[in-house]
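Read through the structure below, which is laid out as structure tokens, and then see the notes.
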Amino acid sequence: MSQPTELGTEGVGRLLFKYALPAIIAMTASSLYNIVDSIFIGQFVGPLALGALTVAKPFMDVCAAFGSLVGVGAGTLVAIKLGEKDVRSAEKVLGNVILLNVILSVMVSVLGIAFLDPILYAFGASDATLQMAHDYMLIILLGNIPTHLYFGLNNVLRASGHPKEAMVATITAVGINIVLDPIFIIVLDMGVKGAAIATVLSQCIAVVWQFTIFFRKDEVIHFHKGIWQLDWNITKNVVSIGLSPFLMNLAHCLVVVIVNNQLALYGGDLAIAAYGVINRFTFVFAMIVMGLNQGMQPIVGYNYGARRYSRVIRAFQLTAICATIVTGMVFALSELCPELMARVFTGDADLIALSAHALRIANCAFFIVGFQMVTGNFFTSLGMAKKAIFLSLTRQVLFLVPLILLLPSFWGITGVWAAIPISDTISAVTATLMLNYQMRRFRDYGDEMPIQRNIQEYNERMIKFIRKIVKKDK
């Protein structure tokens with residue numbers, strides 16, 4: 001049984017490539033869930049069905065947010081514990097991931113099903129889209145347990161030195177989903193219900209694959225007796241670390257709800273469908289950045305636990321550069337060929353025109369979003385929950401929500417789109433100020449390893465002891 005010590009010894013650039021590439025492939029493939037669903041529904045069911053999916057999406061994200069609460073927190077904690085050579089605690093985290101995910105998923109499903117229609121109305125559903133949104137989310141909520149386990153275990157796989165296996169789990173789920181979508185949506189004529197069934201079934205198969213890995217006794221951390229009990233300290237640490245991405249997801253859902261309601265007021269169901277096009281286009285690239293973040297997370301967590309701060313800094317710098325390149329592509333495509341991007345999701349001429357106009361405005365500052373996303377995840381990877389939570393809330397809530405509520409009263413529907421780049425700019429400045437302070441502290445610390453300090457202290461004591469003996473002999 002060997003620990004993933006390469007996280008502390010191999011070149012940071014090579015490590016980031018090794019861990020981020022599978023995560024990028026996995027996250028990009030994961031984004032195909034919604035992309036493929038949207039393409040099939042938009043092309044074969046209709047614009048209103050695409051609007052229903054846009055309304056259901058934030059509720060689906062709320063459910064996934066509870067999975068990320070446990071998964072990201074557990075992945076970070078496992079990486080830090082392995083960096084501290086505390087394998088036993090890392091295994092206890094694994095057991096708590098399973099228990100917490102099952103408990104939370106059942107709670108979310110029960111409450112979600114009980115208040116499904118009022119929630120969908122609050123999220124922007126109209127009488128024309130409610131039934132389709134209801135049908136989709138009911139199936140998603142019934143399959144909530146495998147969804148939560150899938151997200152949680154994938155984070156632990158990456159943190160324990162298995163980025164490729166995490167990638168395989170995601171690609172397997174997406175591949176099955178792509179195969180099942182046309183069967184359920186077109187052949188069986190199940191519409192949005194078919195898309196939901198395909199998603200749940202694909203994630204069930206992925207969870208089975210993940211379980212087979214953690215049942216292997218030769219793994220660094222694996223299932224065995226003694227880990228199947230909730231530990232308050234582990235639960236508290238997992239939740240506190242995972243609270244940042246959890247709140248970020250909730251904040252995103254809140255923003256989508258507010259945007260949907262503002263768009264319904266100023267533009268109607270077609271405007272909501274256009275927002276769905278924007279979300280799905282940017283979502284692909286955001287998933288690439290999230291893949292980079294997931295590749296960075298075990299490197300930063302392990303080296304922070306081992307107090308190798310120069311490697312922590314280097315990992316962040318490389319990730320931020322790559323993320324900025326990715327979000328710069330979103331900016332370029334949105335400004336140069338927005339109509340082409342919109343046509344991927346719909347053939348409706350009015351929706352294409354509205355979506356192209358919205359893409360140009362909403363993504364005019366998207367090139368700085370990658371840096372802000374990486375900075376927030378950087379603090380999460382360090383276990384600095386409060387800083388990560390604050391950064392998560394700045395872009396999504398503290399700046400964006402007031403702008404979305406204020407600007408439409410002056411500029412109408414254009415004000416909704418304009419609020420997004422203004423918020424992106426302000427939040428990126430905030431992230432820069434917080435990051436500079438933390439980086440200065442790391443540079444002041446240097447690379448003081450605990451074992452190095454212990455050896456130095458031991459040598460100093462031995463020298464003093466020898467000097468005493470020499471003095472007595474004299």
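In the structure tokens, chains take the letters A, B, ... in the order shown, each chain's residues start at 1, and ligands count up from 1 in the order shown.
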
Practice problem: Could you give me, as a ChimeraX atom specification, the residues within 8 Å of Asn101 of chain A, counting only C-alpha atoms and dropping anything in the same chain fewer than 6 positions from it? | Solution: /A:66-67,70,145,148-149,152

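With only C-alpha atoms as the atoms that count, the residue of A:Ile368, A:Met107, A:Ile404, A:Ala315 with the shortest distance to Ile426 of chain A is A:Ile368.
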
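Considering only C-alpha atoms, the residue among A:Pro22, A:Gly267, A:Gly95, A:Pro402 positioned nearest to Ile288 of chain A is A:Pro22.
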
Near-segment 154-160 of chain A list (6 Å; only C-alpha atoms; drop same-chain fewer than 5 positions) as a JSON list (two decimals) with C-alpha atoms, in the first residue's frame:
[["chain", "number", "residue", "atom", "x", "y", "z"],
["A", 71, "GLY", "CA", -17.45, 15.76, -1.91],
["A", 75, "GLY", "CA", -11.52, 15.48, -1.09],
["A", 79, "ALA", "CA", -5.45, 15.29, 0.48],
["A", 166, "ALA", "CA", -12.30, 9.52, -11.52],
["A", 298, "PRO", "CA", -4.87, 17.58, -4.29]]

Quiz item: Do you have the atom CA of Thr346 of chain A-atom CA of Ala52 of chain A distance handy?
Solution: 14.2 Å

Exercise. Would you list the contacts of Lys92 of chain A as a PyMOL selection string, taking every protein, DNA or RNA residue within 12 Å and counting only C-alpha atoms, but skipping same-chain residues closer than 3 positions in sequence?
Key: chain A and resi 74+77-78+81+86-89+95-99+156+221-235+238

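When atom CA of Ala133 of chain A is paired with atom CA of Leu53 of chain A, their separation reads 6.1 Å.
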
Exercise. Identify all residues of segment 76-160 of chain A in helix (DSSP H, G or I) (DSSP on the backbone) and supply them as an NGL selection string.
Key: :A and (76-83 or 87-114 or 116-122 or 130-142 or 144-159)

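Atom pair atom CA of Gly383 of chain A / atom CA of Arg307 of chain A has a distance of 13.4 Å (rounded to one decimal).
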